[in-house]
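Chemist: See query.txt below, with compact mmCIF, C-alpha atoms.
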```txt
# COMPACT_ATOMS: atom_id res chain seq x y z
CA MET A 1 -76.46 16.44 85.80
CA GLU A 2 -74.90 19.94 85.99
CA PRO A 3 -71.36 20.20 87.36
CA ASN A 4 -70.89 21.81 90.77
CA ILE A 5 -68.74 24.78 89.77
CA PHE A 6 -68.57 26.11 93.33
CA GLY A 7 -66.88 22.93 94.41
CA ASN A 8 -64.38 23.07 91.55
CA THR A 9 -61.12 24.42 92.99
CA GLU A 10 -59.51 25.04 89.58
CA TYR A 11 -62.47 27.09 88.40
CA LEU A 12 -62.44 29.27 91.51
CA GLN A 13 -58.71 29.93 91.13
CA LEU A 14 -59.20 30.94 87.49
CA LEU A 15 -62.02 33.28 88.51
CA HIS A 16 -59.83 34.86 91.18
CA ARG A 17 -56.96 35.41 88.73
CA ASN A 18 -59.26 37.04 86.16
CA TYR A 19 -60.68 39.37 88.81
CA GLN A 20 -57.20 40.46 89.84
CA ARG A 21 -56.31 41.30 86.24
CA ARG A 22 -59.48 43.32 85.76
CA PRO A 23 -58.73 47.07 85.71
CA PRO A 24 -60.50 48.96 88.49
CA HIS A 25 -63.59 50.99 87.78
CA SER A 26 -63.55 54.72 88.39
CA GLU A 27 -65.13 54.35 91.84
CA GLU A 28 -62.54 51.73 92.79
CA ARG A 29 -59.55 53.66 91.52
CA PHE A 30 -58.67 55.32 94.81
CA PHE A 31 -58.73 52.05 96.74
CA HIS A 32 -56.87 50.28 93.96
CA PHE A 33 -54.10 52.92 94.13
CA LYS A 34 -53.97 52.65 97.91
CA SER A 35 -53.37 48.92 97.69
CA THR A 36 -50.94 48.82 94.76
CA GLY A 37 -49.82 52.40 94.10
CA MET A 38 -47.38 52.67 96.96
CA GLN A 39 -45.54 49.57 95.78
CA ARG A 40 -45.29 51.05 92.30
CA CYS A 41 -44.13 54.41 93.68
CA THR A 42 -41.34 52.74 95.61
CA MET A 43 -39.95 50.86 92.63
CA ASN A 44 -36.38 51.62 91.66
CA LYS A 45 -36.00 54.77 89.61
CA THR A 46 -34.87 53.15 86.35
CA ALA A 47 -37.51 50.47 86.27
CA SER A 48 -40.37 52.78 87.16
CA ALA A 49 -39.54 55.44 84.63
CA SER A 50 -37.68 53.80 81.78
CA SER A 51 -40.89 53.36 79.82
CA CYS A 52 -44.38 54.85 79.90
CA SER A 53 -46.13 51.51 80.23
CA SER A 54 -48.10 49.92 83.04
CA THR A 55 -44.87 49.53 85.00
CA ALA A 56 -44.12 53.24 84.96
CA MET A 57 -44.63 55.46 87.98
CA PRO A 58 -48.26 56.68 87.83
CA MET A 59 -49.19 60.33 87.97
CA GLU A 60 -50.73 59.81 91.41
CA CYS A 61 -47.25 59.21 92.81
CA TYR A 62 -46.38 62.86 92.13
CA MET A 63 -49.46 64.06 94.03
CA VAL A 64 -47.76 64.05 97.41
CA LEU A 65 -50.09 66.41 99.29
CA ASP A 66 -52.48 63.94 100.92
CA ASP A 67 -53.43 66.08 103.93
CA PRO A 68 -56.33 68.53 103.41
CA ALA A 69 -54.53 71.07 105.60
CA GLN A 70 -51.48 70.96 103.34
CA LYS A 71 -53.64 71.43 100.26
CA THR A 72 -55.41 74.37 101.89
CA VAL A 73 -52.12 76.07 102.77
CA ILE A 74 -50.76 75.59 99.25
CA ALA A 75 -53.98 76.89 97.68
CA VAL A 76 -54.05 79.98 99.92
CA LEU A 77 -50.36 80.77 99.36
CA CYS A 78 -50.64 80.37 95.59
CA CYS A 79 -53.79 82.49 95.36
CA ILE A 80 -52.37 85.31 97.51
CA PHE A 81 -48.90 85.40 95.95
CA GLY A 82 -50.24 84.84 92.45
CA SER A 83 -52.85 87.61 92.69
CA LEU A 84 -50.36 90.12 94.07
CA CYS A 85 -47.81 89.12 91.44
CA ILE A 86 -50.27 89.64 88.58
CA LEU A 87 -51.50 92.99 89.92
CA GLU A 88 -48.02 94.38 90.57
CA ASN A 89 -46.50 93.30 87.28
CA CYS A 90 -49.51 94.38 85.22
CA LEU A 91 -49.26 97.79 86.90
CA VAL A 92 -45.57 97.99 85.99
CA LEU A 93 -46.29 97.04 82.37
CA TYR A 94 -49.03 99.67 82.15
CA LEU A 95 -46.84 102.41 83.62
CA ILE A 96 -44.01 101.60 81.21
CA PHE A 97 -45.99 101.27 77.99
CA SER A 98 -48.33 104.18 78.73
CA SER A 99 -45.35 106.56 78.49
CA GLN A 100 -43.47 106.75 75.21
CA ARG A 101 -40.51 108.40 76.91
CA ILE A 102 -40.15 105.61 79.44
CA ARG A 103 -40.69 102.62 77.17
CA ASN A 104 -37.97 103.76 74.77
CA LYS A 105 -35.26 103.47 77.44
CA PRO A 106 -33.24 100.21 77.40
CA SER A 107 -33.40 99.74 81.17
CA TYR A 108 -37.20 99.84 81.10
CA LEU A 109 -37.29 97.34 78.24
CA PHE A 110 -35.50 94.91 80.53
CA ILE A 111 -37.93 95.70 83.35
CA SER A 112 -40.92 95.17 81.06
CA SER A 113 -39.49 91.79 80.03
CA LEU A 114 -39.13 90.89 83.70
CA ALA A 115 -42.70 91.98 84.46
CA ALA A 116 -44.09 90.05 81.48
CA ALA A 117 -42.21 86.89 82.50
CA ASP A 118 -43.37 87.16 86.11
CA THR A 119 -46.99 87.73 85.03
CA LEU A 120 -46.88 84.71 82.75
CA ALA A 121 -45.21 82.63 85.47
CA SER A 122 -47.85 83.49 88.07
CA ILE A 123 -50.75 82.65 85.74
CA ILE A 124 -49.44 79.34 84.40
CA PHE A 125 -47.78 78.17 87.61
CA VAL A 126 -50.70 78.87 89.95
CA SER A 127 -53.32 77.33 87.67
CA SER A 128 -51.26 74.20 86.93
CA PHE A 129 -49.82 73.76 90.43
CA VAL A 130 -53.13 74.15 92.26
CA ASN A 131 -54.99 71.93 89.79
CA PHE A 132 -52.38 69.16 90.13
CA HIS A 133 -51.56 69.20 93.85
CA VAL A 134 -54.78 70.54 95.38
CA PHE A 135 -57.49 69.13 93.11
CA ASN A 136 -55.41 66.16 91.88
CA GLY A 137 -56.33 66.97 88.32
CA THR A 138 -54.53 65.24 85.46
CA ASP A 139 -54.17 66.28 81.84
CA PRO A 140 -55.70 64.27 78.99
CA SER A 141 -52.30 63.46 77.48
CA LYS A 142 -48.58 63.62 78.07
CA GLU A 143 -48.25 66.37 75.46
CA VAL A 144 -50.69 68.67 77.28
CA PHE A 145 -48.80 68.22 80.54
CA LEU A 146 -45.42 68.93 78.89
CA LEU A 147 -46.93 71.98 77.17
CA LYS A 148 -47.94 73.43 80.55
CA LEU A 149 -44.60 72.49 82.08
CA GLY A 150 -42.83 74.19 79.17
CA GLY A 151 -44.81 77.35 79.83
CA VAL A 152 -43.84 77.36 83.51
CA THR A 153 -40.19 76.67 82.65
CA THR A 154 -40.16 79.40 80.01
CA SER A 155 -41.64 82.06 82.29
CA PHE A 156 -39.45 81.42 85.33
CA THR A 157 -36.27 81.05 83.25
CA ALA A 158 -37.12 84.20 81.29
CA SER A 159 -37.58 86.01 84.59
CA LEU A 160 -34.05 85.05 85.63
CA GLY A 161 -32.76 85.90 82.16
CA SER A 162 -34.33 89.35 82.39
CA LEU A 163 -32.73 89.83 85.80
CA LEU A 164 -29.39 88.95 84.19
CA MET A 165 -29.98 91.54 81.47
CA MET A 166 -30.74 94.16 84.11
CA ALA A 167 -27.65 93.18 86.08
CA PHE A 168 -25.56 93.47 82.93
CA ASP A 169 -27.16 96.85 82.24
CA ARG A 170 -26.12 98.12 85.66
CA TYR A 171 -22.70 96.53 85.34
CA ILE A 172 -22.01 98.43 82.11
CA CYS A 173 -23.47 101.59 83.62
CA ILE A 174 -21.11 101.65 86.57
CA LEU A 175 -18.12 100.17 84.73
CA LYS A 176 -18.23 102.46 81.68
CA PRO A 177 -20.66 105.28 82.50
CA SER A 178 -19.39 107.62 79.78
CA GLU A 179 -19.99 104.99 77.08
CA TYR A 180 -23.28 103.66 78.42
CA LYS A 181 -25.56 105.32 75.86
CA VAL A 182 -23.37 104.10 73.02
CA LEU A 183 -23.11 100.51 74.26
CA ILE A 184 -26.67 100.03 75.50
CA THR A 185 -29.25 101.21 72.96
CA SER A 186 -32.94 100.42 72.63
CA ARG A 187 -32.35 98.41 69.47
CA ARG A 188 -29.62 96.29 71.07
CA ALA A 189 -31.80 95.78 74.12
CA LEU A 190 -34.70 94.54 71.97
CA ILE A 191 -32.44 92.20 70.01
CA ALA A 192 -30.98 90.81 73.22
CA LEU A 193 -34.45 90.22 74.68
CA VAL A 194 -35.70 88.49 71.52
CA VAL A 195 -32.67 86.20 71.49
CA LEU A 196 -33.16 85.53 75.20
CA TRP A 197 -36.83 84.58 74.92
CA VAL A 198 -36.40 82.45 71.78
CA THR A 199 -33.48 80.53 73.30
CA ILE A 200 -35.30 79.95 76.59
CA MET A 201 -38.50 78.83 74.83
CA PHE A 202 -36.53 76.34 72.73
CA ILE A 203 -34.83 74.89 75.81
CA ALA A 204 -38.04 74.83 77.85
CA PHE A 205 -40.06 72.95 75.22
CA LEU A 206 -37.41 70.33 74.46
CA PRO A 207 -39.33 67.72 76.52
CA LEU A 208 -42.41 68.38 74.39
CA LEU A 209 -40.31 68.08 71.22
CA GLY A 210 -39.07 64.65 72.22
CA TRP A 211 -36.51 64.93 75.00
CA ASN A 212 -38.59 63.09 77.60
CA CYS A 213 -38.20 59.75 79.31
CA CYS A 214 -41.16 58.25 77.47
CA THR A 215 -39.67 58.85 74.04
CA LEU A 216 -36.08 58.09 74.99
CA HIS A 217 -36.94 55.19 77.36
CA SER A 218 -34.66 56.77 79.93
CA THR A 219 -34.82 57.60 83.61
CA CYS A 220 -37.62 59.96 84.63
CA SER A 221 -37.33 62.62 87.29
CA GLU A 222 -39.02 61.87 90.60
CA LEU A 223 -40.15 65.51 90.86
CA PHE A 224 -41.60 66.11 87.39
CA PRO A 225 -43.56 63.51 85.38
CA PHE A 226 -42.14 62.57 81.96
CA VAL A 227 -39.03 64.75 82.45
CA ASP A 228 -35.71 63.09 81.71
CA THR A 229 -33.17 63.38 84.53
CA LYS A 230 -30.41 64.46 82.13
CA TYR A 231 -32.59 67.29 80.83
CA LEU A 232 -33.37 68.33 84.40
CA ALA A 233 -29.64 68.35 85.24
CA ILE A 234 -28.91 70.58 82.23
CA TRP A 235 -31.72 72.98 83.17
CA ILE A 236 -30.40 73.15 86.75
CA ALA A 237 -26.95 74.00 85.38
CA LEU A 238 -28.46 76.74 83.17
CA VAL A 239 -30.32 78.34 86.08
CA ALA A 240 -27.22 78.10 88.28
CA ILE A 241 -25.18 79.90 85.61
CA LEU A 242 -27.81 82.65 85.42
CA LEU A 243 -27.86 83.08 89.19
CA VAL A 244 -24.07 83.12 89.50
CA SER A 245 -23.81 85.68 86.68
CA ILE A 246 -26.40 87.92 88.34
CA MET A 247 -24.62 87.66 91.68
CA TYR A 248 -21.24 88.41 90.09
CA ALA A 249 -22.55 91.53 88.34
CA TYR A 250 -24.18 92.90 91.49
CA MET A 251 -21.22 92.01 93.70
CA HIS A 252 -19.01 93.93 91.27
CA VAL A 253 -21.37 96.91 91.53
CA LEU A 254 -21.18 96.64 95.33
CA TRP A 255 -17.40 96.58 95.19
CA LYS A 256 -17.37 99.70 93.02
CA ALA A 257 -19.78 101.41 95.39
CA HIS A 258 -17.56 100.50 98.33
CA LYS A 259 -14.54 102.01 96.58
CA HIS A 260 -16.58 105.12 95.92
CA VAL A 261 -17.52 105.44 99.60
CA LEU A 262 -13.85 105.20 100.59
CA TYR A 263 -12.97 107.84 98.01
CA MET A 264 -15.70 110.18 99.24
CA LYS A 265 -14.54 109.90 102.84
CA LYS A 266 -11.22 111.44 101.84
CA HIS A 267 -12.89 114.37 100.06
CA GLN A 268 -15.71 115.50 102.33
CA THR A 269 -17.98 118.13 100.76
CA GLY A 270 -21.71 118.68 100.89
CA GLN A 271 -22.34 117.29 97.43
CA GLN A 272 -20.01 114.38 98.01
CA ASN A 273 -21.73 113.52 101.29
CA THR A 274 -24.99 113.26 99.37
CA ARG A 275 -23.40 111.01 96.80
CA MET A 276 -21.90 108.85 99.54
CA ARG A 277 -25.35 108.40 101.05
CA ILE A 278 -26.55 107.32 97.61
CA ASP A 279 -23.79 104.70 97.49
CA ILE A 280 -24.79 103.38 100.90
CA THR A 281 -28.41 103.18 99.76
CA LEU A 282 -27.24 101.37 96.65
CA ALA A 283 -25.33 98.84 98.73
CA LYS A 284 -28.36 98.15 100.94
CA THR A 285 -30.61 97.72 97.91
CA LEU A 286 -28.25 95.31 96.19
CA VAL A 287 -27.88 93.27 99.37
CA ILE A 288 -31.69 92.94 99.46
CA VAL A 289 -31.65 91.89 95.79
CA LEU A 290 -29.06 89.16 96.37
CA VAL A 291 -30.65 87.88 99.59
CA VAL A 292 -34.10 87.60 98.01
CA LEU A 293 -32.68 85.90 94.92
CA VAL A 294 -30.72 83.32 96.91
CA MET A 295 -33.49 82.63 99.43
CA CYS A 296 -36.13 82.09 96.75
CA TRP A 297 -34.15 79.92 94.35
CA SER A 298 -31.57 77.99 96.36
CA PRO A 299 -34.02 75.59 98.14
CA VAL A 300 -35.59 74.52 94.85
CA LEU A 301 -32.25 74.10 93.09
CA VAL A 302 -30.78 72.11 95.97
CA LEU A 303 -33.72 69.69 96.03
CA MET A 304 -33.68 69.34 92.23
CA THR A 305 -29.97 68.59 92.28
CA TYR A 306 -30.47 66.06 95.07
CA SER A 307 -33.22 64.33 93.06
CA VAL A 308 -30.82 63.79 90.15
CA PHE A 309 -28.39 61.78 92.28
CA ALA A 310 -30.56 60.22 95.00
CA LYS A 311 -33.92 58.61 95.53
CA LEU A 312 -36.64 60.77 97.07
CA ASP A 313 -39.34 59.97 99.58
CA ASP A 314 -42.71 61.64 99.98
CA THR A 315 -41.44 63.97 102.69
CA ILE A 316 -38.83 65.51 100.41
CA ARG A 317 -41.39 65.83 97.62
CA LYS A 318 -43.73 67.66 99.98
CA VAL A 319 -40.92 70.01 100.98
CA PHE A 320 -40.21 70.62 97.29
CA ALA A 321 -43.87 71.41 96.63
CA PHE A 322 -43.85 74.11 99.32
CA CYS A 323 -40.43 75.43 98.26
CA SER A 324 -41.71 75.83 94.70
CA THR A 325 -43.95 78.64 95.92
CA LEU A 326 -40.79 80.62 96.79
CA CYS A 327 -40.18 81.11 93.06
CA LEU A 328 -43.61 82.73 92.94
CA VAL A 329 -42.62 84.92 95.89
CA ASN A 330 -39.57 86.06 93.92
CA SER A 331 -41.81 87.06 91.02
CA MET A 332 -44.04 88.92 93.47
CA VAL A 333 -41.27 91.00 95.06
CA ASN A 334 -39.44 91.75 91.80
CA PRO A 335 -41.66 94.77 90.94
CA ALA A 336 -41.11 96.30 94.38
CA ILE A 337 -37.33 95.89 94.13
CA TYR A 338 -36.67 96.72 90.50
CA ALA A 339 -39.54 98.84 89.19
CA LEU A 340 -41.57 100.64 91.84
CA ARG A 341 -38.41 102.22 93.30
CA SER A 342 -37.98 104.11 90.03
CA ARG A 343 -38.54 107.87 90.15
CA GLU A 344 -40.10 107.92 86.70
CA LEU A 345 -42.48 105.04 87.36
CA CYS A 346 -43.49 106.53 90.71
CA SER A 347 -44.10 109.83 88.97
CA SER A 348 -46.26 108.09 86.36
CA LEU A 349 -48.11 106.28 89.12
CA ARG A 350 -48.85 109.62 90.85
CA LYS A 351 -50.23 110.99 87.61
CA VAL A 352 -52.45 107.96 87.09
CA CYS A 353 -53.74 108.15 90.66
CA SER A 354 -54.36 111.86 90.34
CA CYS A 355 -56.28 111.37 87.10
CA LEU A 356 -58.44 108.68 88.66
CA GLY A 357 -59.09 110.90 91.65
CA ARG A 358 -58.23 108.09 94.05
CA MET A 359 -55.59 110.06 95.89
CA PRO A 360 -56.80 113.65 96.30
CA GLY A 361 -54.16 116.08 97.43
CA PHE A 362 -51.32 113.77 96.41
CA PRO A 363 -48.25 115.87 95.52
CA GLU A 364 -47.58 116.37 91.86
CA SER A 365 -44.56 114.79 90.27
CA ASN A 366 -41.38 116.76 90.03
CA PRO A 367 -40.28 117.23 86.39
CA GLU A 368 -36.70 117.84 87.47
CA ALA A 369 -36.58 114.48 89.21
CA GLU A 370 -37.83 112.79 86.05
CA SER A 371 -35.23 114.40 83.82
CA THR A 372 -32.26 113.75 86.07
CA GLN A 373 -29.28 112.02 84.52
CA LYS A 374 -29.79 111.66 80.78
CA SER A 375 -26.74 109.55 80.11
CA CYS A 376 -27.62 106.52 82.22
CA PRO A 377 -31.32 105.87 82.97
CA VAL A 378 -30.90 103.10 85.52
CA GLU A 379 -32.62 104.64 88.49
CA THR A 380 -34.56 101.50 89.34
CA ILE A 381 -31.78 100.10 91.51
CA TYR A 382 -29.84 103.19 92.34
CA GLU A 383 -29.87 106.86 91.57
CA GLU A 384 -28.84 107.67 88.02
CA VAL A 385 -26.38 110.15 89.43
CA ILE A 386 -23.94 107.36 90.20
CA CYS A 387 -23.19 106.64 86.56
CA ASN A 388 -21.74 110.10 86.13
CA THR A 389 -20.37 110.80 89.57
CA VAL A 390 -18.37 107.62 90.05
CA ALA A 391 -16.65 107.69 86.69
CA GLU A 392 -13.50 109.48 87.73
CA PRO A 393 -12.74 107.86 91.11
CA MET A 394 -13.43 104.38 89.76
CA LYS A 395 -10.98 104.43 86.92
CA ASP A 396 -8.14 103.35 89.13
```
Represent the structure from my file as structure tokens, please.

Modeler:
Amino acid sequence: MEPNIFGNTEYLQLLHRNYQRRPPHSEERFFHFKSTGMQRCTMNKTASASSCSSTAMPMECYMVLDDPAQKTVIAVLCCIFGSLCILENCLVLYLIFSSQRIRNKPSYLFISSLAAADTLASIIFVSSFVNFHVFNGTDPSKEVFLLKLGGVTTSFTASLGSLLMMAFDRYICILKPSEYKVLITSRRALIALVVLWVTIMFIAFLPLLGWNCCTLHSTCSELFPFVDTKYLAIWIALVAILLVSIMYAYMHVLWKAHKHVLYMKKHQTGQQNTRMRIDITLAKTLVIVLVVLVMCWSPVLVLMTYSVFAKLDDTIRKVFAFCSTLCLVNSMVNPAIYALRSRELCSSLRKVCSCLGRMPGFPESNPEAESTQKSCPVETIYEEVICNTVAEPMKD
């Protein structure tokens, strides 16, 4: 006589336990995550990230955009900002490298580094960010994800590093205008940029080389998968140092310009009135530079710093996802602030447009405007005239 297995309580309990242990099939994955994922996402930070095992926080926990409207907004913003960023920076790179006279100047080497970093940032960031948050795509391995993250980190950090180089270039120009050509040469500019990029790439790919929470069995960041919180804290400190250095250099330039305005008010002449207007324009431009820099980077840095010391909820992660697009906005507006205000680049752009026949009747470039101020070619932020005209009154 066959045993009645359906009446056997022990057998039914064993069957139930085995079914619970069974991993979900692909079609059940979403419902399985809905039932168990939220508990795993709300585990304490150390336990959920100390190892990359089944107890670790799953990748789905970082996909915080669950509303189709939010995904649509993110996708539209990234596509618009990313496309404009690529077009603007590629145009700047073409205008610089199509002219041998322009590309040999140190200030334009820094601008080309900035444009290259912003182009790289827009390509890698938009593709990775949209794929992860909008399409919920995951990479085949941890190494692939850290490789992409290293590329994003490299490009954005190199963008800030290039801005620091440009700020230092302007700082030397206005501090020691008579020695500018001796101190800032094309060779020194190239060496500085090579050192900058190599150092930033090494720091950015440290998680891929082994400094990640999976390898070290340490605490993972709640904003970036596999990223160790100590590494994130060090990167935040590095970016903060870059931003403070940029702000110090430009604030010093503003202070010098203010002193120059006061000096010019005491010696009113026609030429000096023109130079004073240049100083006022310089001050307005630098204020725009600082405001854009602070507005685009401070929200992200504040949230990253908060994540190092406190536990995050989904609302804060969603805010961070939207604030991350501000870094892309910064890369988009950089060409308009630093490059397209240049007389020489605008002159080259007129020539290109005239050759293509897209702008018939557009006025030809003025050769005198292009050859103005040989000793300090930093006309991208302010007129080159300043480097010569402010030398004497600023020595005190």

Chemist: Quick one: of A:Trp255, A:Tyr248, A:Tyr231, A:Phe226, who's nearest to Lys142 (chain A), counting only C-alpha atoms?

Modeler: A:Phe226

Chemist: Would you compute the distance between CA of Ala237 (chain A) and CA of His133 (chain A)? Give it in Å to one decimal.

Modeler: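 Going from CA of Ala237 (chain A) over to CA of His133 (chain A) covers 26.5 Å.
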
Chemist: Need the shell around Ser186 (chain A): protein/DNA/RNA residues with any atom at most 10 Å away, counting all atoms listed in the file. Skip same-chain ones fewer than 3 positions apart. Format as a list in words?

Modeler: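 Near neighbours after the sequence-gap exclusion: Arg103, Asn104, Lys105, Pro106, Ser107, Tyr108, Leu109, Phe110, Lys181, Leu183, Ala189, Leu190, Ile191 and Ala192 of chain A.
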
Chemist: Find the residue from A:Leu293, A:Ile184, A:Leu84, A:Leu77 that sits nearest to Phe168 (chain A); use only C-alpha atoms when measuring.

Modeler: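 Smallest distance to Phe168 (chain A) is found for A:Ile184.
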
Chemist: For each of A:Ser159, A:Ser298, A:Ser128, A:Thr153, take the minimum atom-to-atom distance to Trp235 (chain A), counting only C-alpha atoms, then give the residue where this is smallest.

Modeler: A:Thr153

Chemist: Taking into account all atoms listed in the file, which residue in the set A:Met59, A:Ile96, A:Ala115, A:Val144 is nearest to Val333 (chain A)?

Modeler: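 The closest residue to Val333 (chain A) is A:Ala115.
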
Chemist: Residues near Ile203 (chain A), anyone? I mean within 12 Å using only C-alpha atoms, not counting same-chain ones fewer than 5 positions away, as a PDB file with C-alpha atoms, in the frame of the given file.

Modeler:
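What ended up in part-v3.pdb:
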```
ATOM      1  CA  LEU A 149     -44.600  72.490  82.080  1.00  0.00           C
ATOM      2  CA  GLY A 150     -42.830  74.190  79.170  1.00  0.00           C
ATOM      3  CA  GLY A 151     -44.810  77.350  79.830  1.00  0.00           C
ATOM      4  CA  THR A 153     -40.190  76.670  82.650  1.00  0.00           C
ATOM      5  CA  THR A 154     -40.160  79.400  80.010  1.00  0.00           C
ATOM      6  CA  SER A 155     -41.640  82.060  82.290  1.00  0.00           C
ATOM      7  CA  THR A 157     -36.270  81.050  83.250  1.00  0.00           C
ATOM      8  CA  ALA A 158     -37.120  84.200  81.290  1.00  0.00           C
ATOM      9  CA  LEU A 196     -33.160  85.530  75.200  1.00  0.00           C
ATOM     10  CA  TRP A 197     -36.830  84.580  74.920  1.00  0.00           C
ATOM     11  CA  VAL A 198     -36.400  82.450  71.780  1.00  0.00           C
ATOM     12  CA  LEU A 208     -42.410  68.380  74.390  1.00  0.00           C
ATOM     13  CA  LEU A 209     -40.310  68.080  71.220  1.00  0.00           C
ATOM     14  CA  GLY A 210     -39.070  64.650  72.220  1.00  0.00           C
ATOM     15  CA  TRP A 211     -36.510  64.930  75.000  1.00  0.00           C
ATOM     16  CA  TYR A 231     -32.590  67.290  80.830  1.00  0.00           C
ATOM     17  CA  LEU A 232     -33.370  68.330  84.400  1.00  0.00           C
ATOM     18  CA  ILE A 234     -28.910  70.580  82.230  1.00  0.00           C
ATOM     19  CA  TRP A 235     -31.720  72.980  83.170  1.00  0.00           C
ATOM     20  CA  ILE A 236     -30.400  73.150  86.750  1.00  0.00           C
ATOM     21  CA  LEU A 238     -28.460  76.740  83.170  1.00  0.00           C
ATOM     22  CA  VAL A 239     -30.320  78.340  86.080  1.00  0.00           C
TER      23      VAL A 239
END
```

Chemist: Take CA of Ala336 (chain A) and CA of Val289 (chain A) and report the distance between them in Å, one decimal.

Modeler: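 These atoms are spaced 10.5 Å apart.
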
Chemist: Nearest to Phe125 (chain A) among A:Lys318, A:Arg188, A:Arg350, A:Lys148, with distances taken over only C-alpha atoms: which residue is it?

Modeler: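 Ranking A:Lys318, A:Arg188, A:Arg350, A:Lys148 by distance to Phe125 (chain A), first place goes to A:Lys148.
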
Chemist: Go through A:Tyr250, A:Tyr94, A:Phe224, A:Phe320 one by one, measure the shortest atom-to-atom distance of each to Cys61 (chain A) using all atoms listed in the file, and give the residue with the smallest value.

Modeler: A:Phe224

Chemist: What is the CA of Leu95 (chain A)-CA of Ala121 (chain A) distance in Å, reported with one decimal?

Modeler: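 Answer for the CA of Leu95 (chain A) to CA of Ala121 (chain A) separation: 19.9 Å.
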
Chemist: Show me, as a Markdown table, the residues of region 79-188 of chain A having an atom within 10 Å of region 337-348 of chain A, each with the closest atom pair and its distance in Å, using all atoms listed in the file.

Modeler:
```
| residue | atom | partner | partner_atom | distance |
| --- | --- | --- | --- | --- |
| A:Glu88 | CA | A:Leu340 | CA | 9.1 |
| A:Asn89 | CA | A:Ala339 | CA | 9.1 |
| A:Leu91 | CA | A:Leu340 | CA | 9.6 |
| A:Val92 | CA | A:Ala339 | CA | 6.9 |
| A:Leu93 | CA | A:Ala339 | CA | 9.8 |
| A:Tyr94 | CA | A:Ser348 | CA | 9.8 |
| A:Leu95 | CA | A:Leu345 | CA | 6.3 |
| A:Ile96 | CA | A:Leu345 | CA | 7.2 |
| A:Ser98 | CA | A:Ser348 | CA | 8.8 |
| A:Ser99 | CA | A:Ser348 | CA | 8.1 |
| A:Arg101 | CA | A:Glu344 | CA | 9.8 |
| A:Ile102 | CA | A:Glu344 | CA | 7.6 |
| A:Tyr108 | CA | A:Ala339 | CA | 8.5 |
| A:Ile111 | CA | A:Ala339 | CA | 6.8 |
| A:Ser112 | CA | A:Ala339 | CA | 9.0 |
| A:Leu114 | CA | A:Tyr338 | CA | 9.3 |
| A:Ala115 | CA | A:Ala339 | CA | 8.9 |
| A:Leu163 | CA | A:Tyr338 | CA | 9.2 |
| A:Met166 | CA | A:Tyr338 | CA | 9.1 |
```
